[in-house]
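Report on one structure; see the data block that follows.
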Amino acid sequence: MAIQVNDCEIPDAAVAAEVQHHPSATLEAAHHAAAEALVIREILIQEARRQGIASAPRALGAGRAETEEEALIRALLDREIAVPQPDEPSLRRYYDNNRRRFCSPAVYEAAHIFFPAAADDTAARARAHRQAADTLADLTDDPAAFPRLARERSACSSAEEGGSLGQVSRGQVLPEFETFLATLEPGQICPVPVPTRYGYHVVRLDRREGGRQIPFELVAGRIAAYLTEQTWNRGVAHYIRILAGRARIEGFAFTGAAPLQVG
């Protein structure tokens with residue numbers, strides 16, 4: 001049965017074309033999300049036309065512009081959704097309740113000696129692990145030999161710098177590598193070979209600078225934009241539910257769960 005919104009039919013072909021914009025765990029879920037997005041779009045366009053709103057497409061940059069229907073939806077929501085700007089107490093309350101979100105990432109100074117081995121090469125990984133373990137044994141007797149051993153044994157270009165990686169922060173090294181860095185004390189050599197998808201590493205942490213709290217004044221604008229967007233999203237969702245309750249929708253069970261994309 002074709003989907004009907006009041007007197008307008010949404011063709012199956014339109015739903016099929018929309019599916020690509022709604023990646024989901026299953027094709028059925030993607031199909032439902034696509035259909036719901038088109039139902040929402042049709043509800044809003046019909047309401048904009050009922051109110052006599054004129055379509056004035058805006059340029060989007062890079063030679064692109066809104067379609068007439070996108071402009072109608074934007075103009076309707078601009079008229080119907082009032083979003084109060086959050087006041088400073090609201091911004092500070094959000095900042096205080098989410099302080100961990102507003103910290104600069106930890107910075108590490110570290111060095112490593114790298115023994116490569118592909119993740120699916122069992123023999124190479126056993127060999128790399130053995131080489132890393134032997135190097136750790138040598139360093140137990142003489143930790144100061146780290147730069148020399150890096151130059152002699154490491155397969156990384158950092159070998160020329162005695163294994164030094166310089167300063168690195170979150171996201172600049174492999175997650176499994178960073179996990180070990182976070183557990184070490186400055187000056188400590190990790191007592192076990194560090195495995196990554198690329199091989200094994202002998203790791204030394206030279207310095208750690210913990211993430212610093214970013215002052216409220218520097219993030220107040222970002223918080224205001226986030227809270228305003230959240231309020232707008234809730235307002236739009238509520239408005240769509242009201243319009244859907246008034247509309248005659250056939251051939252589809254409307255839930256209001258699909259995200260709206262305007263422009």
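Following the order of the structure tokens, chains are lettered A, B, ..., residues in each are numbered from 1, and ligands are numbered from 1.
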
Next item on the list: Write out as an NGL selection string the residues lying within 10 Å of region 11-26 of chain A, counting only C-alpha atoms and excluding same-chain residues fewer than 2 positions away.
Entry: :A and (1-4 or 8-9 or 28-39 or 258-259)

Could you turn the residues from that selection into a file that holds N, CA and C atoms, as a compact mmCIF listing (two decimals), in the first residue's frame?
# COMPACT_ATOMS: atom_id res chain seq x y z
N MET A 1 0.84 -1.20 0.00
CA MET A 1 0.00 0.00 0.00
C MET A 1 0.88 1.25 0.00
N ALA A 2 0.62 2.16 -0.93
CA ALA A 2 1.41 3.38 -1.02
C ALA A 2 1.14 4.27 0.20
N ILE A 3 2.12 5.08 0.55
CA ILE A 3 1.97 6.01 1.68
C ILE A 3 1.20 7.23 1.20
N GLN A 4 0.24 7.62 2.01
CA GLN A 4 -0.60 8.76 1.68
C GLN A 4 -0.55 9.76 2.85
N CYS A 8 -1.82 13.65 -0.69
CA CYS A 8 -0.58 13.48 -1.46
C CYS A 8 -0.02 12.08 -1.26
N GLU A 9 0.32 11.43 -2.37
CA GLU A 9 0.90 10.10 -2.30
C GLU A 9 2.42 10.19 -2.39
N GLU A 28 15.39 -3.03 6.43
CA GLU A 28 14.04 -2.69 6.90
C GLU A 28 14.05 -1.41 7.72
N ALA A 29 15.05 -1.27 8.62
CA ALA A 29 15.15 -0.07 9.44
C ALA A 29 15.45 1.15 8.58
N ALA A 30 16.33 0.98 7.58
CA ALA A 30 16.65 2.09 6.69
C ALA A 30 15.42 2.51 5.88
N HIS A 31 14.65 1.54 5.44
CA HIS A 31 13.43 1.82 4.65
C HIS A 31 12.43 2.59 5.51
N HIS A 32 12.27 2.18 6.77
CA HIS A 32 11.33 2.85 7.66
C HIS A 32 11.77 4.29 7.92
N ALA A 33 13.07 4.48 8.17
CA ALA A 33 13.59 5.82 8.43
C ALA A 33 13.41 6.71 7.22
N ALA A 34 13.64 6.16 6.03
CA ALA A 34 13.48 6.93 4.80
C ALA A 34 12.03 7.34 4.60
N ALA A 35 11.13 6.40 4.81
CA ALA A 35 9.71 6.70 4.65
C ALA A 35 9.26 7.76 5.64
N GLU A 36 9.73 7.65 6.88
CA GLU A 36 9.33 8.62 7.90
C GLU A 36 9.87 10.01 7.57
N ALA A 37 11.10 10.08 7.07
CA ALA A 37 11.66 11.38 6.70
C ALA A 37 10.84 12.04 5.60
N LEU A 38 10.38 11.24 4.63
CA LEU A 38 9.57 11.79 3.55
C LEU A 38 8.18 12.20 4.03
N VAL A 39 7.64 11.45 4.98
CA VAL A 39 6.35 11.83 5.56
C VAL A 39 6.47 13.16 6.29
N ALA A 258 12.44 9.91 12.99
CA ALA A 258 13.43 10.24 11.95
C ALA A 258 13.95 11.65 12.13
N PRO A 259 15.26 11.87 11.96
CA PRO A 259 15.81 13.22 12.05
C PRO A 259 15.40 14.05 10.86

Checklist line | Neighbour list for region 192-194 of chain A as a PyMOL selection string, cut-off 10 Å, only C-alpha atoms, skip fewer than 5 positions in-chain | finding: chain A and resi 112-115+128-137+176-177+179-181+199-203

Next item on the list: Name all residues at most 12 Å from Ala110 (chain A) (count only C-alpha atoms; drop same-chain ones fewer than 3 positions away) and give them as a PyMOL selection string.
Entry: chain A and resi 107+113+146-147+158+161-169+173+177-178+180-182+184-190+201-209

For the residues selected in the previous step, produce a file with C-alpha atoms as a PDB file, in the first residue's frame.
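Full text of out.pdb as output:
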ATOM      1  CA  VAL A 107      50.181  15.760  25.984  1.00  0.00           C
ATOM      2  CA  ILE A 113      61.655   1.070  19.706  1.00  0.00           C
ATOM      3  CA  PHE A 146      67.533   3.354  24.998  1.00  0.00           C
ATOM      4  CA  PRO A 147      68.641   5.876  22.316  1.00  0.00           C
ATOM      5  CA  SER A 158      62.166   7.945  14.863  1.00  0.00           C
ATOM      6  CA  GLU A 161      66.195  10.539  16.962  1.00  0.00           C
ATOM      7  CA  GLY A 162      66.913   7.795  19.469  1.00  0.00           C
ATOM      8  CA  GLY A 163      63.294   6.653  19.279  1.00  0.00           C
ATOM      9  CA  SER A 164      61.867  10.034  20.298  1.00  0.00           C
ATOM     10  CA  LEU A 165      58.308  10.664  19.136  1.00  0.00           C
ATOM     11  CA  GLY A 166      58.335  14.245  20.410  1.00  0.00           C
ATOM     12  CA  GLN A 167      55.038  15.544  21.767  1.00  0.00           C
ATOM     13  CA  VAL A 168      51.899  13.571  20.977  1.00  0.00           C
ATOM     14  CA  SER A 169      48.328  14.008  22.156  1.00  0.00           C
ATOM     15  CA  VAL A 173      49.013   7.668  18.278  1.00  0.00           C
ATOM     16  CA  PHE A 177      49.654   2.644  22.385  1.00  0.00           C
ATOM     17  CA  GLU A 178      48.087   5.589  24.209  1.00  0.00           C
ATOM     18  CA  PHE A 180      49.962   2.139  27.878  1.00  0.00           C
ATOM     19  CA  LEU A 181      51.321   5.707  27.875  1.00  0.00           C
ATOM     20  CA  ALA A 182      48.552   6.741  30.249  1.00  0.00           C
ATOM     21  CA  LEU A 184      53.356   5.043  32.901  1.00  0.00           C
ATOM     22  CA  GLU A 185      55.170   7.479  35.142  1.00  0.00           C
ATOM     23  CA  PRO A 186      57.531  10.037  33.550  1.00  0.00           C
ATOM     24  CA  GLY A 187      60.906   8.420  32.957  1.00  0.00           C
ATOM     25  CA  GLN A 188      59.484   4.891  33.139  1.00  0.00           C
ATOM     26  CA  ILE A 189      60.005   2.240  30.469  1.00  0.00           C
ATOM     27  CA  CYS A 190      56.957   0.034  30.050  1.00  0.00           C
ATOM     28  CA  HIS A 201      56.916  -1.503  20.783  1.00  0.00           C
ATOM     29  CA  VAL A 202      59.284  -0.870  23.640  1.00  0.00           C
ATOM     30  CA  VAL A 203      57.900   2.334  25.113  1.00  0.00           C
ATOM     31  CA  ARG A 204      59.347   4.993  27.396  1.00  0.00           C
ATOM     32  CA  LEU A 205      57.326   7.934  28.742  1.00  0.00           C
ATOM     33  CA  ASP A 206      59.482  11.021  29.166  1.00  0.00           C
ATOM     34  CA  ARG A 207      56.881  13.593  30.220  1.00  0.00           C
ATOM     35  CA  ARG A 208      53.153  13.934  30.630  1.00  0.00           C
ATOM     36  CA  GLU A 209      51.226  17.157  30.825  1.00  0.00           C
TER      37      GLU A 209
END

Notebook entry, point to check: Tell me, which residues of region 71-194 of chain A carry DSSP strand (DSSP E), written as a VMD selection string?
Noted result: chain A and resid 107 to 116 164 to 169 194

Mind writing the picked residues with N, CA and C atoms as a PDB file, in the first residue's frame?
ATOM      1  N   VAL A 107      49.067  15.761  26.935  1.00  0.00           N
ATOM      2  CA  VAL A 107      50.181  15.760  25.984  1.00  0.00           C
ATOM      3  C   VAL A 107      51.291  14.892  26.553  1.00  0.00           C
ATOM      4  N   TYR A 108      51.815  14.009  25.715  1.00  0.00           N
ATOM      5  CA  TYR A 108      52.887  13.108  26.140  1.00  0.00           C
ATOM      6  C   TYR A 108      54.153  13.407  25.338  1.00  0.00           C
ATOM      7  N   GLU A 109      55.290  13.259  26.005  1.00  0.00           N
ATOM      8  CA  GLU A 109      56.566  13.157  25.316  1.00  0.00           C
ATOM      9  C   GLU A 109      57.036  11.734  25.538  1.00  0.00           C
ATOM     10  N   ALA A 110      57.247  11.006  24.449  1.00  0.00           N
ATOM     11  CA  ALA A 110      57.545   9.584  24.571  1.00  0.00           C
ATOM     12  C   ALA A 110      58.558   9.161  23.519  1.00  0.00           C
ATOM     13  N   ALA A 111      59.099   7.967  23.730  1.00  0.00           N
ATOM     14  CA  ALA A 111      60.025   7.359  22.777  1.00  0.00           C
ATOM     15  C   ALA A 111      59.670   5.887  22.648  1.00  0.00           C
ATOM     16  N   HIS A 112      60.010   5.292  21.505  1.00  0.00           N
ATOM     17  CA  HIS A 112      59.731   3.866  21.352  1.00  0.00           C
ATOM     18  C   HIS A 112      60.780   3.213  20.458  1.00  0.00           C
ATOM     19  N   ILE A 113      60.846   1.909  20.585  1.00  0.00           N
ATOM     20  CA  ILE A 113      61.655   1.070  19.706  1.00  0.00           C
ATOM     21  C   ILE A 113      60.676   0.097  19.073  1.00  0.00           C
ATOM     22  N   PHE A 114      60.581   0.141  17.747  1.00  0.00           N
ATOM     23  CA  PHE A 114      59.496  -0.544  17.048  1.00  0.00           C
ATOM     24  C   PHE A 114      59.985  -1.773  16.302  1.00  0.00           C
ATOM     25  N   PHE A 115      59.229  -2.884  16.503  1.00  0.00           N
ATOM     26  CA  PHE A 115      59.504  -4.149  15.804  1.00  0.00           C
ATOM     27  C   PHE A 115      58.244  -4.512  15.017  1.00  0.00           C
ATOM     28  N   PRO A 116      58.272  -4.360  13.701  1.00  0.00           N
ATOM     29  CA  PRO A 116      57.049  -4.507  12.899  1.00  0.00           C
ATOM     30  C   PRO A 116      56.602  -5.957  12.746  1.00  0.00           C
ATOM     31  N   SER A 164      62.746   8.971  19.801  1.00  0.00           N
ATOM     32  CA  SER A 164      61.867  10.034  20.298  1.00  0.00           C
ATOM     33  C   SER A 164      60.705  10.292  19.343  1.00  0.00           C
ATOM     34  N   LEU A 165      59.506  10.334  19.900  1.00  0.00           N
ATOM     35  CA  LEU A 165      58.308  10.664  19.136  1.00  0.00           C
ATOM     36  C   LEU A 165      57.926  12.124  19.306  1.00  0.00           C
ATOM     37  N   GLY A 166      58.683  12.860  20.129  1.00  0.00           N
ATOM     38  CA  GLY A 166      58.335  14.245  20.410  1.00  0.00           C
ATOM     39  C   GLY A 166      57.062  14.316  21.230  1.00  0.00           C
ATOM     40  N   GLN A 167      56.300  15.388  21.048  1.00  0.00           N
ATOM     41  CA  GLN A 167      55.038  15.544  21.767  1.00  0.00           C
ATOM     42  C   GLN A 167      53.895  14.945  20.955  1.00  0.00           C
ATOM     43  N   VAL A 168      53.082  14.147  21.604  1.00  0.00           N
ATOM     44  CA  VAL A 168      51.899  13.571  20.977  1.00  0.00           C
ATOM     45  C   VAL A 168      50.718  13.767  21.914  1.00  0.00           C
ATOM     46  N   SER A 169      49.541  13.870  21.348  1.00  0.00           N
ATOM     47  CA  SER A 169      48.328  14.008  22.156  1.00  0.00           C
ATOM     48  C   SER A 169      47.294  13.010  21.686  1.00  0.00           C
ATOM     49  N   VAL A 194      54.660  -3.554  24.108  1.00  0.00           N
ATOM     50  CA  VAL A 194      53.340  -2.971  23.840  1.00  0.00           C
ATOM     51  C   VAL A 194      52.851  -3.430  22.461  1.00  0.00           C
TER      52      VAL A 194
END

Check: From the list A:Ala144, A:Ala75, A:Ala126, A:Leu91, which residue is nearest Ala224 (chain A) when using only C-alpha atoms?
Finding: A:Leu91

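If you look at CA of Arg93 (chain A) and CA of Tyr239 (chain A), they are 27.4 Å away from each other.
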